[in-house]
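Colleague: Input file: start.csv. Contents: CSV, C-alpha atoms.
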chain,number,residue,atom,x,y,z
A,204,MET,CA,-23.3,-13.0,72.5
A,205,LYS,CA,-20.8,-15.6,73.5
A,206,SER,CA,-19.9,-16.8,77.0
A,207,LEU,CA,-17.0,-15.2,78.9
A,208,THR,CA,-14.4,-16.9,81.1
A,209,LEU,CA,-12.3,-14.9,83.5
A,210,LEU,CA,-9.3,-16.3,85.4
A,211,ILE,CA,-9.0,-13.8,88.3
A,212,LYS,CA,-5.9,-13.4,90.5
A,213,PRO,CA,-7.3,-11.6,93.6
A,214,ALA,CA,-4.0,-11.8,95.5
A,215,SER,CA,-1.8,-11.6,92.3
A,216,GLY,CA,1.4,-13.5,92.9
A,217,LEU,CA,1.2,-13.5,96.7
A,218,CYS,CA,1.5,-17.0,98.2
A,219,ASN,CA,2.0,-18.6,101.6
A,220,MET,CA,4.0,-21.5,100.1
A,221,ASN,CA,7.3,-21.9,98.4
A,222,CYS,CA,6.7,-24.6,95.7
A,223,GLY,CA,9.9,-25.6,93.9
A,224,TYR,CA,8.2,-25.7,90.5
A,225,CYS,CA,6.2,-22.4,90.7
A,226,PHE,CA,6.4,-20.6,87.4
A,227,TYR,CA,4.2,-17.7,88.6
A,228,ARG,CA,6.6,-16.6,91.3
A,229,THR,CA,9.0,-15.7,88.5
A,230,ALA,CA,6.3,-14.2,86.3
A,231,SER,CA,5.2,-11.9,89.1
A,232,GLU,CA,8.6,-10.8,90.3
A,233,GLY,CA,9.2,-7.0,90.3
A,234,ARG,CA,5.4,-6.5,90.2
A,235,GLU,CA,3.5,-4.7,92.9
A,236,ASN,CA,1.6,-7.8,94.2
A,237,GLY,CA,-1.4,-7.0,96.3
A,238,ILE,CA,-5.0,-7.8,97.0
A,239,MET,CA,-7.7,-6.7,94.5
A,240,SER,CA,-9.7,-3.8,95.9
A,241,LYS,CA,-13.4,-3.4,96.0
A,242,GLU,CA,-13.1,-0.5,93.5
A,243,THR,CA,-11.4,-2.9,91.0
A,244,VAL,CA,-14.1,-5.5,91.6
A,245,ASP,CA,-16.8,-3.0,90.9
A,246,ILE,CA,-15.1,-1.8,87.7
A,247,LEU,CA,-14.6,-5.3,86.5
A,248,LEU,CA,-18.2,-6.4,87.2
A,249,GLN,CA,-19.5,-3.3,85.4
A,250,LYS,CA,-17.4,-4.1,82.4
A,251,VAL,CA,-18.7,-7.7,82.4
A,252,SER,CA,-22.2,-6.4,82.7
A,253,ASP,CA,-21.7,-4.0,79.8
A,254,TYR,CA,-20.3,-6.9,77.7
A,255,GLY,CA,-23.5,-8.9,78.5
A,256,PRO,CA,-22.2,-12.5,78.2
A,257,ALA,CA,-24.6,-15.4,77.6
A,258,GLY,CA,-22.8,-17.2,80.5
A,259,LEU,CA,-19.9,-16.3,82.8
A,260,THR,CA,-17.3,-18.6,84.3
A,261,VAL,CA,-15.1,-17.1,87.1
A,262,ILE,CA,-12.0,-19.0,88.1
A,263,PHE,CA,-10.0,-17.6,91.0
A,264,GLN,CA,-6.3,-18.5,91.0
A,265,GLY,CA,-3.0,-17.2,92.3
A,266,GLY,CA,-0.5,-17.1,93.8
A,267,GLU,CA,-2.8,-18.2,96.5
A,268,PRO,CA,-6.2,-16.7,96.0
A,269,THR,CA,-7.5,-17.4,99.5
A,270,LEU,CA,-5.0,-14.8,100.8
A,271,ALA,CA,-7.5,-12.2,99.6
A,272,GLY,CA,-9.7,-13.3,102.5
A,273,LEU,CA,-13.2,-14.6,102.9
A,274,GLN,CA,-14.8,-11.2,102.8
A,275,PHE,CA,-13.3,-10.6,99.3
A,276,PHE,CA,-15.0,-13.7,98.0
A,277,GLU,CA,-18.3,-12.9,99.7
A,278,TYR,CA,-18.3,-9.4,98.2
A,279,PHE,CA,-17.3,-10.5,94.7
A,280,THR,CA,-19.8,-13.4,94.6
A,281,GLU,CA,-22.7,-11.4,96.0
A,282,GLN,CA,-22.1,-8.4,93.6
A,283,ALA,CA,-21.6,-10.7,90.6
A,284,LYS,CA,-24.9,-12.4,91.2
A,285,LYS,CA,-26.6,-9.0,91.5
A,286,ARG,CA,-25.1,-7.3,88.5
A,287,ILE,CA,-24.6,-10.0,85.9
A,288,LYS,CA,-27.7,-11.1,84.0
A,289,ALA,CA,-26.3,-14.5,83.2
A,290,ASP,CA,-25.7,-17.9,84.7
A,291,ILE,CA,-22.4,-17.8,86.6
A,292,PHE,CA,-20.1,-20.7,87.4
A,293,PHE,CA,-17.6,-20.1,90.2
A,294,SER,CA,-14.4,-22.0,90.7
A,295,ILE,CA,-11.2,-21.6,92.7
A,296,GLN,CA,-7.7,-23.2,92.4
A,297,THR,CA,-6.0,-23.3,95.8
A,298,ASN,CA,-3.4,-25.0,97.9
A,299,GLY,CA,-6.1,-25.5,100.5
A,300,THR,CA,-4.0,-24.6,103.5
A,301,LEU,CA,-6.2,-21.6,104.5
A,302,ILE,CA,-9.5,-23.3,103.9
A,303,ASP,CA,-11.4,-23.5,107.3
A,304,ASN,CA,-15.0,-24.3,108.1
A,305,LYS,CA,-16.1,-20.7,107.2
A,306,PHE,CA,-14.5,-20.9,103.8
A,307,ALA,CA,-15.9,-24.4,103.2
A,308,ASP,CA,-19.4,-23.2,104.2
A,309,PHE,CA,-19.1,-20.3,101.8
A,310,PHE,CA,-18.1,-22.7,98.9
A,311,ALA,CA,-21.0,-24.9,99.7
A,312,ARG,CA,-23.6,-22.1,99.8
A,313,ASN,CA,-22.4,-20.7,96.5
A,314,ASP,CA,-21.8,-23.9,94.5
A,315,TYR,CA,-18.1,-23.4,94.0
A,316,LEU,CA,-15.9,-26.0,92.3
A,317,VAL,CA,-12.7,-26.1,94.4
A,318,GLY,CA,-9.5,-27.3,92.7
A,319,ILE,CA,-7.0,-28.5,95.3
A,320,SER,CA,-3.3,-28.6,94.4
A,321,LEU,CA,-1.9,-32.0,95.6
A,322,ASP,CA,0.9,-34.0,94.0
A,323,GLY,CA,0.4,-37.3,95.8
A,324,ASN,CA,1.4,-39.0,99.1
A,325,ARG,CA,3.8,-37.5,101.7
A,326,LYS,CA,7.0,-38.3,99.8
A,327,THR,CA,5.7,-37.0,96.4
A,328,ASN,CA,3.9,-34.0,97.7
A,329,ASP,CA,6.8,-32.9,99.9
A,330,ARG,CA,9.1,-33.0,97.0
A,331,TYR,CA,8.1,-29.5,95.8
A,332,ARG,CA,5.0,-28.4,97.8
A,333,VAL,CA,6.2,-27.0,101.1
A,334,ASP,CA,5.5,-23.8,103.1
A,335,LYS,CA,7.9,-20.9,103.5
A,336,HIS,CA,9.7,-22.8,106.2
A,337,GLY,CA,10.2,-25.9,104.1
A,338,GLU,CA,7.6,-27.8,106.1
A,339,SER,CA,5.0,-30.2,104.7
A,340,VAL,CA,1.6,-28.8,103.9
A,341,LEU,CA,0.0,-32.2,103.3
A,342,PRO,CA,-1.9,-32.4,106.7
A,343,ALA,CA,-3.4,-28.9,106.1
A,344,THR,CA,-4.4,-29.8,102.5
A,345,LEU,CA,-6.1,-33.0,103.6
A,346,SER,CA,-7.9,-31.2,106.4
A,347,ALA,CA,-9.3,-28.7,103.8
A,348,ILE,CA,-10.4,-31.6,101.6
A,349,ASN,CA,-12.2,-33.2,104.5
A,350,ALA,CA,-14.0,-29.9,105.3
A,351,LEU,CA,-15.2,-29.8,101.7
A,352,LYS,CA,-16.3,-33.4,101.7
A,353,LYS,CA,-18.4,-32.9,104.8
A,354,ARG,CA,-20.3,-30.2,103.0
A,355,ASN,CA,-20.6,-32.0,99.6
A,356,VAL,CA,-18.5,-29.3,97.9
A,357,MET,CA,-17.4,-30.2,94.4
A,358,PHE,CA,-13.6,-30.5,94.3
A,359,ASN,CA,-10.9,-31.9,92.1
A,360,ILE,CA,-7.2,-32.5,92.4
A,361,LEU,CA,-4.5,-30.8,90.3
A,362,SER,CA,-1.1,-32.4,90.2
A,363,VAL,CA,2.1,-31.1,88.5
A,364,THR,CA,4.0,-33.7,86.4
A,365,ASP,CA,7.8,-33.4,86.1
A,366,ASN,CA,10.3,-36.3,85.6
A,367,LYS,CA,10.2,-37.3,89.3
A,368,ASN,CA,6.5,-37.0,89.9
A,369,ALA,CA,5.9,-38.8,86.6
A,370,ALA,CA,8.0,-41.7,87.9
A,371,ASP,CA,5.8,-41.8,91.0
A,372,ILE,CA,2.5,-42.1,89.1
A,373,ASP,CA,1.7,-45.7,90.4
A,374,SER,CA,1.9,-44.7,94.0
A,375,THR,CA,0.1,-41.4,93.3
A,376,TYR,CA,-2.8,-43.0,91.5
A,377,THR,CA,-3.1,-45.6,94.3
A,378,TYR,CA,-3.0,-42.8,96.9
A,379,PHE,CA,-5.7,-40.8,95.2
A,380,LYS,CA,-8.0,-43.8,94.9
A,381,LYS,CA,-7.5,-44.7,98.5
A,382,HIS,CA,-8.6,-41.3,99.6
A,383,GLY,CA,-11.6,-41.2,97.2
A,384,PHE,CA,-10.2,-38.5,94.9
A,385,TYR,CA,-11.9,-39.4,91.6
A,386,ASP,CA,-11.6,-36.1,89.7
A,387,LEU,CA,-7.9,-35.6,88.7
A,388,GLN,CA,-5.9,-33.3,86.5
A,389,PHE,CA,-2.2,-33.7,85.7
A,390,ILE,CA,-0.4,-30.6,84.5
A,391,PRO,CA,2.9,-31.0,82.5
A,392,TYR,CA,5.7,-29.0,84.2
A,393,VAL,CA,6.2,-25.6,82.4
A,394,ASP,CA,9.7,-24.3,82.7
A,395,GLU,CA,13.1,-25.9,83.2
A,396,TYR,CA,15.2,-24.6,86.0
A,397,ASP,CA,16.7,-25.7,89.3
A,398,GLY,CA,17.1,-29.2,88.0
A,399,ILE,CA,13.3,-29.6,87.5
A,400,SER,CA,12.1,-30.7,84.0
A,401,LEU,CA,9.8,-33.0,82.1
A,402,SER,CA,11.5,-34.8,79.2
A,403,PRO,CA,9.5,-36.1,76.3
A,404,GLU,CA,10.6,-39.6,77.2
A,405,ALA,CA,9.3,-39.3,80.8
A,406,TYR,CA,6.1,-37.7,79.7
A,407,GLU,CA,5.4,-40.5,77.2
A,408,ALA,CA,6.0,-43.1,79.9
A,409,PHE,CA,3.7,-41.1,82.2
A,410,LEU,CA,0.9,-40.8,79.6
A,411,LYS,CA,1.0,-44.6,78.9
A,412,ARG,CA,1.1,-45.6,82.5
A,413,ILE,CA,-1.6,-43.3,83.8
A,414,PHE,CA,-3.8,-44.5,81.0
A,415,ASP,CA,-3.1,-48.2,81.8
A,416,LEU,CA,-4.1,-47.6,85.4
A,417,TRP,CA,-7.2,-45.7,84.4
A,418,TYR,CA,-8.3,-48.3,81.9
A,419,GLU,CA,-7.8,-51.2,84.3
A,420,ASP,CA,-10.3,-49.5,86.5
A,421,PHE,CA,-12.6,-48.3,83.8
A,422,ASP,CA,-16.3,-48.9,84.3
A,423,PRO,CA,-18.7,-46.9,82.1
A,424,ASP,CA,-21.1,-46.5,85.1
A,425,ASP,CA,-18.4,-45.3,87.6
A,426,PHE,CA,-14.9,-44.3,86.5
A,427,ILE,CA,-12.1,-42.0,87.7
A,428,GLN,CA,-12.1,-38.8,85.7
A,429,ILE,CA,-8.7,-37.7,84.5
A,430,ARG,CA,-9.0,-34.4,82.6
A,431,HIS,CA,-6.8,-35.1,79.6
A,432,ILE,CA,-8.3,-38.6,79.1
A,433,ASP,CA,-11.8,-37.2,79.5
A,434,ASN,CA,-11.1,-34.7,76.7
A,435,TYR,CA,-9.8,-37.3,74.3
A,436,LEU,CA,-12.9,-39.3,74.9
A,437,ASP,CA,-15.0,-36.2,74.1
A,438,ILE,CA,-13.1,-35.5,70.9
A,439,ILE,CA,-13.5,-39.1,69.7
A,440,ALA,CA,-17.2,-39.0,70.6
A,441,GLY,CA,-17.5,-35.9,68.4
A,442,PHE,CA,-17.7,-33.2,71.1
A,443,PRO,CA,-15.3,-30.2,71.5
A,444,PRO,CA,-12.7,-30.4,74.2
A,445,GLU,CA,-13.1,-28.2,77.2
A,446,ASN,CA,-9.4,-27.9,77.9
A,447,CYS,CA,-8.0,-24.9,76.1
A,448,ALA,CA,-4.7,-26.6,75.6
A,449,MET,CA,-6.4,-29.2,73.5
A,450,CYS,CA,-8.5,-26.9,71.3
A,451,GLY,CA,-5.8,-26.0,68.8
A,452,THR,CA,-6.0,-22.3,69.5
A,453,CYS,CA,-5.6,-19.8,72.3
A,454,GLY,CA,-8.1,-17.1,73.2
A,455,HIS,CA,-10.5,-18.9,75.4
A,456,TYR,CA,-10.3,-16.8,78.6
A,457,TYR,CA,-8.9,-13.6,80.1
A,458,VAL,CA,-6.6,-13.3,83.0
A,459,ILE,CA,-7.4,-10.4,85.3
A,460,GLU,CA,-4.6,-9.4,87.7
A,461,ALA,CA,-5.3,-7.9,91.1
A,462,ASN,CA,-4.6,-4.4,89.7
A,463,GLY,CA,-6.9,-4.9,86.7
A,464,ASP,CA,-4.3,-5.7,84.1
A,465,ILE,CA,-5.5,-8.2,81.5
A,466,PHE,CA,-3.4,-11.0,80.0
A,467,PRO,CA,-4.3,-13.6,77.4
A,468,CYS,CA,-3.2,-16.7,79.3
A,469,ASP,CA,-2.1,-17.7,82.8
A,470,PHE,CA,1.3,-18.9,81.3
A,471,TYR,CA,1.8,-15.5,79.6
A,472,CYS,CA,1.3,-13.0,82.4
A,473,LYS,CA,4.5,-11.0,81.9
A,474,GLU,CA,4.3,-7.3,81.0
A,475,GLU,CA,5.2,-7.9,77.4
A,476,PHE,CA,2.1,-10.0,76.9
A,477,LYS,CA,-0.4,-7.6,78.6
A,478,ILE,CA,-3.4,-7.0,76.3
A,479,GLY,CA,-5.2,-4.3,78.3
A,480,HIS,CA,-6.8,-3.1,81.5
A,481,ILE,CA,-10.3,-3.4,82.9
A,482,THR,CA,-10.7,0.4,82.6
A,483,ASP,CA,-10.3,0.1,78.8
A,484,GLU,CA,-13.5,1.0,76.9
A,485,LYS,CA,-14.1,-2.5,75.7
A,486,PRO,CA,-11.6,-4.7,77.6
A,487,PHE,CA,-13.1,-8.0,76.3
A,488,GLU,CA,-13.0,-7.2,72.6
A,489,ILE,CA,-10.0,-8.8,70.9
A,490,ASN,CA,-7.5,-6.1,70.0
A,491,GLU,CA,-4.5,-6.4,67.6
A,492,LYS,CA,-2.0,-7.6,70.3
A,493,HIS,CA,-4.4,-10.3,71.5
A,494,LYS,CA,-5.2,-11.3,67.9
A,495,LYS,CA,-1.5,-11.8,67.2
A,496,PHE,CA,-1.2,-14.0,70.3
A,497,ILE,CA,-4.1,-16.1,69.1
A,498,GLU,CA,-2.8,-16.4,65.6
A,499,GLU,CA,0.5,-17.7,66.8
A,500,SER,CA,-1.2,-20.6,68.5
A,501,MET,CA,-2.8,-21.6,65.2
A,502,LEU,CA,0.5,-22.2,63.4
A,503,ILE,CA,1.2,-25.8,62.4
A,504,ARG,CA,3.8,-27.8,60.4
A,505,PRO,CA,2.7,-29.5,57.2
A,506,GLN,CA,3.5,-32.9,58.7
A,507,CYS,CA,1.3,-32.1,61.7
A,508,ALA,CA,-1.6,-31.2,59.5
A,509,GLU,CA,-1.2,-34.6,57.8
A,510,CYS,CA,-0.8,-36.6,61.0
A,511,LYS,CA,-3.6,-39.1,61.7
A,512,TYR,CA,-3.7,-38.0,65.3
A,513,GLN,CA,-3.9,-34.2,64.6
A,514,TYR,CA,-7.6,-34.2,65.5
A,515,LEU,CA,-6.6,-35.4,69.0
A,516,CYS,CA,-3.4,-33.5,69.5
A,517,ARG,CA,-4.3,-30.2,67.8
A,518,GLY,CA,-0.7,-28.9,68.4
A,519,GLY,CA,-1.0,-29.0,72.2
A,520,CYS,CA,-0.6,-26.0,74.4
A,521,LYS,CA,1.2,-23.0,73.0
A,522,ARG,CA,3.6,-22.9,76.0
A,523,ASP,CA,5.0,-26.3,74.8
A,524,ARG,CA,5.6,-25.1,71.2
A,525,ILE,CA,9.0,-24.7,69.6
A,526,ASN,CA,10.2,-23.7,66.2
A,527,GLY,CA,8.1,-20.5,65.9
A,528,PHE,CA,5.1,-22.2,67.7
A,529,THR,CA,4.7,-24.7,64.9
A,530,GLU,CA,5.9,-27.8,66.7
A,531,ASN,CA,5.1,-29.3,70.1
A,532,LYS,CA,8.2,-30.4,72.1
A,533,TYR,CA,6.2,-33.5,73.2
A,534,CYS,CA,5.1,-34.4,69.6
A,535,LYS,CA,6.7,-37.8,69.7
A,536,ALA,CA,5.4,-38.5,73.2
A,537,TYR,CA,1.8,-37.7,72.1
A,538,TYR,CA,2.1,-39.7,68.9
A,539,ASN,CA,3.5,-42.8,70.6
A,540,PHE,CA,0.8,-42.5,73.3
A,541,PHE,CA,-2.0,-42.4,70.8
A,542,GLU,CA,-0.6,-45.4,69.0
A,543,TYR,CA,-0.5,-47.2,72.3
A,544,SER,CA,-4.0,-46.2,73.5
A,545,ILE,CA,-6.2,-45.4,70.6
A,546,ASP,CA,-8.0,-48.7,70.3
A,547,ARG,CA,-8.8,-48.7,74.1
A,548,LEU,CA,-9.9,-45.0,73.9
A,549,LYS,CA,-12.3,-45.8,71.1
A,550,ASN,CA,-13.6,-48.9,73.0
A,551,ALA,CA,-14.2,-46.7,76.1
A,552,VAL,CA,-16.2,-44.3,74.0
A,553,LYS,CA,-18.2,-47.1,72.6
A,554,GLU,CA,-18.9,-48.5,76.1
A,555,LEU,CA,-20.0,-45.1,77.3
A,556,SER,CA,-22.3,-44.6,74.4
A,557,ASP,CA,-23.8,-48.0,74.8
A,558,ASP,CA,-24.3,-47.5,78.5
Would you give me this structure, written as structure tokens?
Modeller:
Amino acid sequence: MKSLTLLIKPASGLCNMNCGYCFYRTASEGRENGIMSKETVDILLQKVSDYGPAGLTVIFQGGEPTLAGLQFFEYFTEQAKKRIKADIFFSIQTNGTLIDNKFADFFARNDYLVGISLDGNRKTNDRYRVDKHGESVLPATLSAINALKKRNVMFNILSVTDNKNAADIDSTYTYFKKHGFYDLQFIPYVDEYDGISLSPEAYEAFLKRIFDLWYEDFDPDDFIQIRHIDNYLDIIAGFPPENCAMCGTCGHYYVIEANGDIFPCDFYCKEEFKIGHITDEKPFEINEKHKKFIEESMLIRPQCAECKYQYLCRGGCKRDRINGFTENKYCKAYYNFFEYSIDRLKNAVKELSDD
């Protein structure tokens, strides 16, 4: 029996912020957003138990998942440990603004990995990440990180990359280093509206520059972890990537909405993509609709199959595909980046293996 990964939205699309680039606000519009009930938790955990996974990864996300309240997480975690006969890894992706000492204590006791959304310094973070009143959330976010640090809670930083944030990468990287944030993830911006976008040219420049900054600091005994770079190192070293966007196919996790609806991907949570509900007899068996979604992610152009960097690119994330899902809109950016960095990537792998 294979492992199971669930991305759970305990507060659905509810959020206490008004981020300019939020794609999920649009995806959850018209939906009855609410908090996941104990009854839904119980049904979900029973279905997971029936499935009997070899291992279980639970990732809480939103909206803003902490809006579900600390009692929700205490109940879910306690019940999961009781009912699931497998090792469970817990993680949460949050804006951090509601994390107090009690939340931080809970994360420490239960070995949670906490992902904090943060785009950079005050200027960069305030560009898009503001509260409902348009005010900066940076002080609250940094306060949450300090609470986690005091308790040795594992945490990483997730930043969204659009044209403007990409142009700020030097100051952002310096800011993260200064604050001791050494586990980073940069997510390409998804949609294009309200004047926000990520062009192939800007993304190529970003990929090259963040790699240069990372490589200048590279020490095989102690280096800053950047998720996409870490995955390229793994692939070159002969290991599978952990990032589903770099695997060449979808189908690596299930999104569970607060009402129990199931979707195949966080970027495809509209009604048309729903693949089931937790009350289904076998909700984690791949049905025909889910199978079609996965097969679309495996489409590839002949020239991509022949590309010398296909083993690193693997088509990229489905959300970035065009022309019937066969071509990535950032294809040229990726190719030029690999041409620019491949020798140093291979050298880093060699240094790590020799260490």
Colleague: In Å, with one decimal, what is the gap from atom CA of A:Asp422 to atom CA of A:Ile390?
Modeller: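 Straight-line distance from atom CA of A:Asp422 to atom CA of A:Ile390 works out to 24.2 Å.
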Colleague: What lies within 7 Å of stretch 454-466 of chain A using only C-alpha atoms, ignoring chain neighbours under 5 positions off, as a list in words?
Modeller: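 The neighbour list is Leu207, Thr208, Leu209, Leu210, Ile211, Lys212, Pro213, Ala214, Ser215, Gly237, Ile238, Met239, Thr243, Cys447, Tyr471, Cys472, Phe476, Lys477, Ile478, Gly479, His480, Ile481 and Ile497 of chain A.
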Colleague: Kindly give the distance, in Å, that separates atom CA of A:Ala551 and atom CA of A:Lys411, rounded to a single decimal.
Modeller: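 Answer for the atom CA of A:Ala551 to atom CA of A:Lys411 separation: 15.6 Å.
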Colleague: Counting all atoms listed in the file, write as a compact mmCIF listing (two decimals) with C-alpha atoms, in the frame of the given file all protein and nucleic acid residues lying at most 12 Å from (-9.8, -27.7, 92.3) in the file's frame.
Modeller:
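The resulting out02.txt:
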# COMPACT_ATOMS: atom_id res chain seq x y z
CA ILE A 262 -12.00 -19.00 88.10
CA PHE A 263 -10.00 -17.60 91.00
CA GLN A 264 -6.30 -18.50 91.00
CA PHE A 293 -17.60 -20.10 90.20
CA SER A 294 -14.40 -22.00 90.70
CA ILE A 295 -11.20 -21.60 92.70
CA GLN A 296 -7.70 -23.20 92.40
CA THR A 297 -6.00 -23.30 95.80
CA ASN A 298 -3.40 -25.00 97.90
CA GLY A 299 -6.10 -25.50 100.50
CA PHE A 310 -18.10 -22.70 98.90
CA TYR A 315 -18.10 -23.40 94.00
CA LEU A 316 -15.90 -26.00 92.30
CA VAL A 317 -12.70 -26.10 94.40
CA GLY A 318 -9.50 -27.30 92.70
CA ILE A 319 -7.00 -28.50 95.30
CA SER A 320 -3.30 -28.60 94.40
CA LEU A 321 -1.90 -32.00 95.60
CA THR A 344 -4.40 -29.80 102.50
CA ALA A 347 -9.30 -28.70 103.80
CA ILE A 348 -10.40 -31.60 101.60
CA LEU A 351 -15.20 -29.80 101.70
CA VAL A 356 -18.50 -29.30 97.90
CA MET A 357 -17.40 -30.20 94.40
CA PHE A 358 -13.60 -30.50 94.30
CA ASN A 359 -10.90 -31.90 92.10
CA ILE A 360 -7.20 -32.50 92.40
CA LEU A 361 -4.50 -30.80 90.30
CA SER A 362 -1.10 -32.40 90.20
CA PHE A 384 -10.20 -38.50 94.90
CA TYR A 385 -11.90 -39.40 91.60
CA ASP A 386 -11.60 -36.10 89.70
CA LEU A 387 -7.90 -35.60 88.70
CA GLN A 388 -5.90 -33.30 86.50
CA PHE A 389 -2.20 -33.70 85.70
CA ARG A 430 -9.00 -34.40 82.60
Colleague: Which value, in Å to one decimal, gives the distance between atom CA of A:Glu554 and atom CA of A:Glu407?
Modeller: 25.6 Å
Colleague: Fewer than 5 positions away in the same chain doesn't count, so skip those; otherwise give me all residues within 12 Å of A:Lys285, counting all atoms listed in the file, as number ranges by chain.
Modeller: A: 245, 248-249, 252, 278-280, 290-291
Colleague: Pick out the closest residue to A:Pro391 from this set: A:Ala230, A:Val552, A:Cys520, A:Ile545. Count all atoms listed in the file.
Modeller: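 Of the candidates, the smallest distance to A:Pro391 is held by A:Cys520.
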Colleague: Would you pick out the contacts of A:Asn531 at 10 Å or less, using only C-alpha atoms, so that residues sharing its chain but fewer than 6 positions from it are not included, and give the list as JSON, numbers by chain?
Modeller: {"A": [503, 504, 507, 516, 517, 518, 519, 520, 521, 522, 523, 524, 525, 537]}
Colleague: Could you check the closest approach to A:Ile429 for each of A:Tyr396, A:Tyr376, A:Phe528, A:Phe541 and tell me which residue wins, using all atoms listed in the file?
Modeller: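 For A:Ile429, the nearest of the given residues is A:Tyr376.
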Colleague: So, counting all atoms listed in the file, which residue among A:Ala448, A:Leu401, A:Val251, A:Ala257 is closest to A:Lys485?
Modeller: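 Of all the options, A:Val251 lies closest to A:Lys485.
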Colleague: Can you work out which one of A:Asn313, A:Ser500, A:Asn304, A:Asn236 has the shortest atom-to-atom distance to A:Thr529, counting only C-alpha atoms?
Modeller: A:Ser500
Colleague: Between A:Val340, A:Ile287, A:Ile439, A:Ile489, which is the closest to A:Gly255 once you count all atoms listed in the file?
Modeller: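 Between A:Val340, A:Ile287, A:Ile439, A:Ile489, the residue approaching A:Gly255 most closely is A:Ile287.
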